[in-house]
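Working notes, structure below.
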Amino acid sequence: MRDAVRRARAALAAALAGAALVAGLAGCTADGEPLFGGKPRSPRDAIRIVPEDGAKGVRPDGRIEVKVPDGRLERVQVVRVEDADQHEVTGRIADDGLSWRPDSGTLRLAAKYTVDAVAVDGHGRRSARHTSFTTVVPEHRFIGYFKPENRSTVGTGMIVSFSFNRAVVNRAAVERAIKVSSQPPVEVSGHWFGAQRLDFRPRDYWKPGTRVSVDLGLRDVEAAPGVFGIQHKEVGFTVGRSQVSTVDAEAHTMVVRRDGEKPVSVPVSAGAPKTTTYNGKMVVTELYDVTRMDGRTVGFGGEYDIPDVPHAMRLTASGTFLHGNYWAQSDTFGSVNTSHGCIGLRDVKGGSPDTPAGWFFDRTLVGDVVEVVNSRDRKVAPDNGLGGWNMDWNRWKAGSALR
């Protein structure tokens with residue numbers, strides 16, 4: 001089973017009936033991108049969503065609304081995520097196509113929601129937005145938002161990651177209340193990155209076929225003076241086949257090793273000399289059929305803004321992607337590094353399953369590992385995305401509050 005993010009993207013792509021989907025804002029792309037008949041309207045301008053992206057403490061009876069100034073909304077999906085079970089908030093698009101509102105009911109306390117909307121404006125240009133928000137957590141309570149999705153199938157490099165809404169002082173008590181176990185059994189250890197993030201992993205990658213259970217016994221656990229947990233549930237996921245891909249930035253190749261199959265070498269283009277790609281092990285955390293890449297979101301100003309980058313796979317929280325590239329000459333791949341730090345695979349506009357990018361995207365799971373070597377950059381930080389595999393086991397265990 002693909003993860004929920006990918007399923008949502010696929011559903012939205014279908015709603016576009018073959019047109020390009022712009023889903024969210026992303027990190028980097030190659031130099032020399034073409035002109036697109038004038039600068040497209042930003043999805044933030046075309047589709048207006050309440051609550052705003054990243055909003056926290058939204059009231060259960062708070063307003064949810066999606067609007068466009070002209071044209072029409074084609075699809076809106078609001079889903080409660082990072083919970084034991086997903087739940088879609090039903091609603092309807094107004095007869096004039098300019099707005100969407102939920103049917104009825106209230107939001108759940110201490111929950112995370114995503115909003116995906118697709119629209120076509122008055123000039124026939126399609127755009128999309130992906131936003132998220134969290135609802136209010138009762139006073140003196142805390143909650144842990146977690147990855148991966150419950151009941152998902154993931155790659156062997158998946159790391160269980162918790163993000164807490166409040167700073168945790170009593171780290172040992174919180175870590176002790178979260179039990180990560182597996183069949184077949186392996187030792188699993190936690191590691192704290194600051195006061196609000198706790199990750200769990202085994203010594204080595206999970207074995208294919210492993211079933212992992214995560215028991216959250218946080219209810220009434222005191223995380224800080226007078227702050228208690230409210231979660232008591234068990235979630236889990238299954239580890240799929242093994243796939244580890246090694247990108248050699250100097251040789252401009254990516255060798256894909258999948259268990260039981262002969263390694264396949266794919267030509268790539270990595271980060272240019274002034275905007276190199278991180279070295280080290282990175283884990284795929286999100287998959288987008290198509291996404292927007294805007295340099296302003298990652299500190300590159302207006303150097304690029306491409307609305308329809310195909311087959312995009314997120315590798316770091318800071319904006320490193322492995323993605324399809326249709327704007328560079330085909331002989332770029334395998335010969336020269338041209339991007340702002342991402343890894344590019346040859347593709348066509350709109351994406352195709354028959355290109356190297358489409359082939360790799362269709363074979364990828366959240367949790368797959370991509371390791372970059374021979375880049376003239378530092379190693380990716382272990383807390384940048386799910387970069388914890390860049391720590392040896394002793395250092396990882398030293399970050400546990402239970403040592």
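Ordering of the structure tokens sets the chain letters (A, B, ...), residue numbers begin anew at 1 in every chain, and ligands are numbered from 1 in the order given.
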
| Non-local contacts of Ser181 (chain A) (9 Å; only C-alpha atoms; under 5 positions in same chain excluded) as an MDAnalysis selection string | chainID A and resid 186:188 211:215

| said: Would you compute the distance between CA of Met254 (chain A) and CA of Gly387 (chain A)? Give it in Å to one decimal. | reply: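 Atom-to-atom, CA of Met254 (chain A) and CA of Gly387 (chain A) are spaced 18.9 Å apart.
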
| field | Exercise: Asp377 (chain A) partners within 9 Å, only C-alpha atoms, chain neighbours under 3 positions left out, as an MDAnalysis selection string | value | chainID A and resid 275:279 374 380

Grab the residues selected above and save them as a CSV table (one decimal), in the first residue's frame with N, CA and C atoms.
```csv
chain,number,residue,atom,x,y,z
A,275,THR,N,26.0,25.0,-5.8
A,275,THR,CA,24.8,24.5,-5.1
A,275,THR,C,24.8,23.0,-5.0
A,276,THR,N,25.8,22.5,-4.4
A,276,THR,CA,26.0,21.0,-4.4
A,276,THR,C,25.0,20.3,-3.6
A,277,THR,N,24.9,19.0,-3.8
A,277,THR,CA,24.0,18.1,-3.1
A,277,THR,C,24.6,17.5,-1.9
A,278,TYR,N,23.8,17.4,-0.8
A,278,TYR,CA,24.3,16.8,0.4
A,278,TYR,C,24.8,15.4,0.1
A,279,ASN,N,25.9,15.0,0.8
A,279,ASN,CA,26.3,13.6,0.9
A,279,ASN,C,25.5,12.9,2.0
A,374,ASN,N,30.4,11.2,-3.1
A,374,ASN,CA,31.3,11.9,-4.0
A,374,ASN,C,30.8,13.3,-4.4
A,380,VAL,N,24.6,15.2,5.2
A,380,VAL,CA,23.3,15.7,5.6
A,380,VAL,C,23.2,15.5,7.1
```

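Counting from CA of Val115 (chain A), the distance to CA of Ser352 (chain A) is 26.3 Å.
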
Any chance you could tabulate, as CSV, the residues of region 281-380 of chain A at most 8 Å from region 235-248 of chain A with each one's nearest atom pair and distance in Å to one decimal, using only C-alpha atoms, in chain and rising number order?
```
residue,atom,partner,partner_atom,distance
A:Thr364,CA,A:Gln243,CA,7.9
A:Asp368,CA,A:Gln243,CA,6.0
A:Val369,CA,A:Val244,CA,5.0
A:Val370,CA,A:Ser245,CA,4.8
A:Glu371,CA,A:Thr246,CA,4.8
A:Val372,CA,A:Val247,CA,4.6
A:Val373,CA,A:Asp248,CA,5.1
A:Asn374,CA,A:Asp248,CA,5.8
A:Ser375,CA,A:Asp248,CA,7.4
```

Preceding selection exported with N, CA and C atoms as a short mmCIF file (atom, residue, chain, number, x, y, z; two decimals), in the first residue's frame:
```
data_model
loop_
_atom_site.label_atom_id
_atom_site.label_comp_id
_atom_site.auth_asym_id
_atom_site.auth_seq_id
_atom_site.Cartn_x
_atom_site.Cartn_y
_atom_site.Cartn_z
N THR A 364 9.23 3.21 -6.11
CA THR A 364 9.70 3.80 -4.85
C THR A 364 8.60 3.80 -3.80
N ASP A 368 12.24 4.30 1.50
CA ASP A 368 13.40 3.85 0.72
C ASP A 368 14.60 4.77 0.98
N VAL A 369 15.79 4.21 0.87
CA VAL A 369 17.01 4.96 1.14
C VAL A 369 17.68 5.38 -0.15
N VAL A 370 18.11 6.65 -0.20
CA VAL A 370 18.93 7.17 -1.29
C VAL A 370 20.20 7.72 -0.65
N GLU A 371 21.34 7.17 -1.03
CA GLU A 371 22.62 7.62 -0.47
C GLU A 371 23.43 8.34 -1.54
N VAL A 372 23.91 9.54 -1.20
CA VAL A 372 24.73 10.34 -2.12
C VAL A 372 26.19 10.24 -1.69
N VAL A 373 27.06 9.97 -2.66
CA VAL A 373 28.50 9.90 -2.42
C VAL A 373 29.21 10.80 -3.41
N ASN A 374 30.45 11.17 -3.07
CA ASN A 374 31.33 11.93 -3.96
C ASN A 374 30.78 13.28 -4.38
N SER A 375 30.00 13.90 -3.51
CA SER A 375 29.58 15.28 -3.73
C SER A 375 30.49 16.19 -2.91
#
```

| message | Can you tell me which residues surround region 355-360 of chain A at a distance of at most 7 Å, considering only C-alpha atoms, apart from same-chain residues fewer than 4 positions away, and format the answer as JSON, numbers by chain? | response | {"A": [311, 323, 324, 345, 346, 347, 351, 364]}

| Selection: 9 Å around region 391-403 of chain A, only C-alpha atoms, excl. self and same-chain fewer than 5 positions, as a list of chain:residue names | A:Asn170, A:Arg171, A:Ala172, A:Ala173, A:Glu175, A:Arg176, A:Ser189, A:Gly190, A:His191, A:Trp192, A:Phe193, A:Leu198, A:Arg201, A:Pro202, A:Arg203, A:Asp204, A:Pro382

| message | Can you pull out every residue from region 122-209 of chain A that DSSP, working from the backbone, puts in strand (DSSP E or B), and format the result as number ranges by chain? | response | A: 126-135, 141-142, 144-147, 153-154, 160-164, 178-183, 188-192, 197-202

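The set of residues in region 91-273 of chain A assigned to alpha helix (DSSP H) by DSSP, using only backbone atoms of this structure, is Arg171, Ala172, Ala173, Val174, Glu175 and Arg176 of chain A.
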
| said: Quick one: residues within 10 Å of Gly341 (chain A), only C-alpha atoms, excluding same-chain residues fewer than 2 positions away - as a list in words? | reply: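 Answer for this query is Gly27, Cys28, Thr29, Ala30, Ser269, Ala270, Gly271, Ala272, Pro273, Lys274, Thr275, Thr276, Thr277, Tyr278, Gly319, Thr320, Phe321, Leu322, Asn337, Thr338, Ser339, Ile343, Gly344 and Asp377 of chain A.
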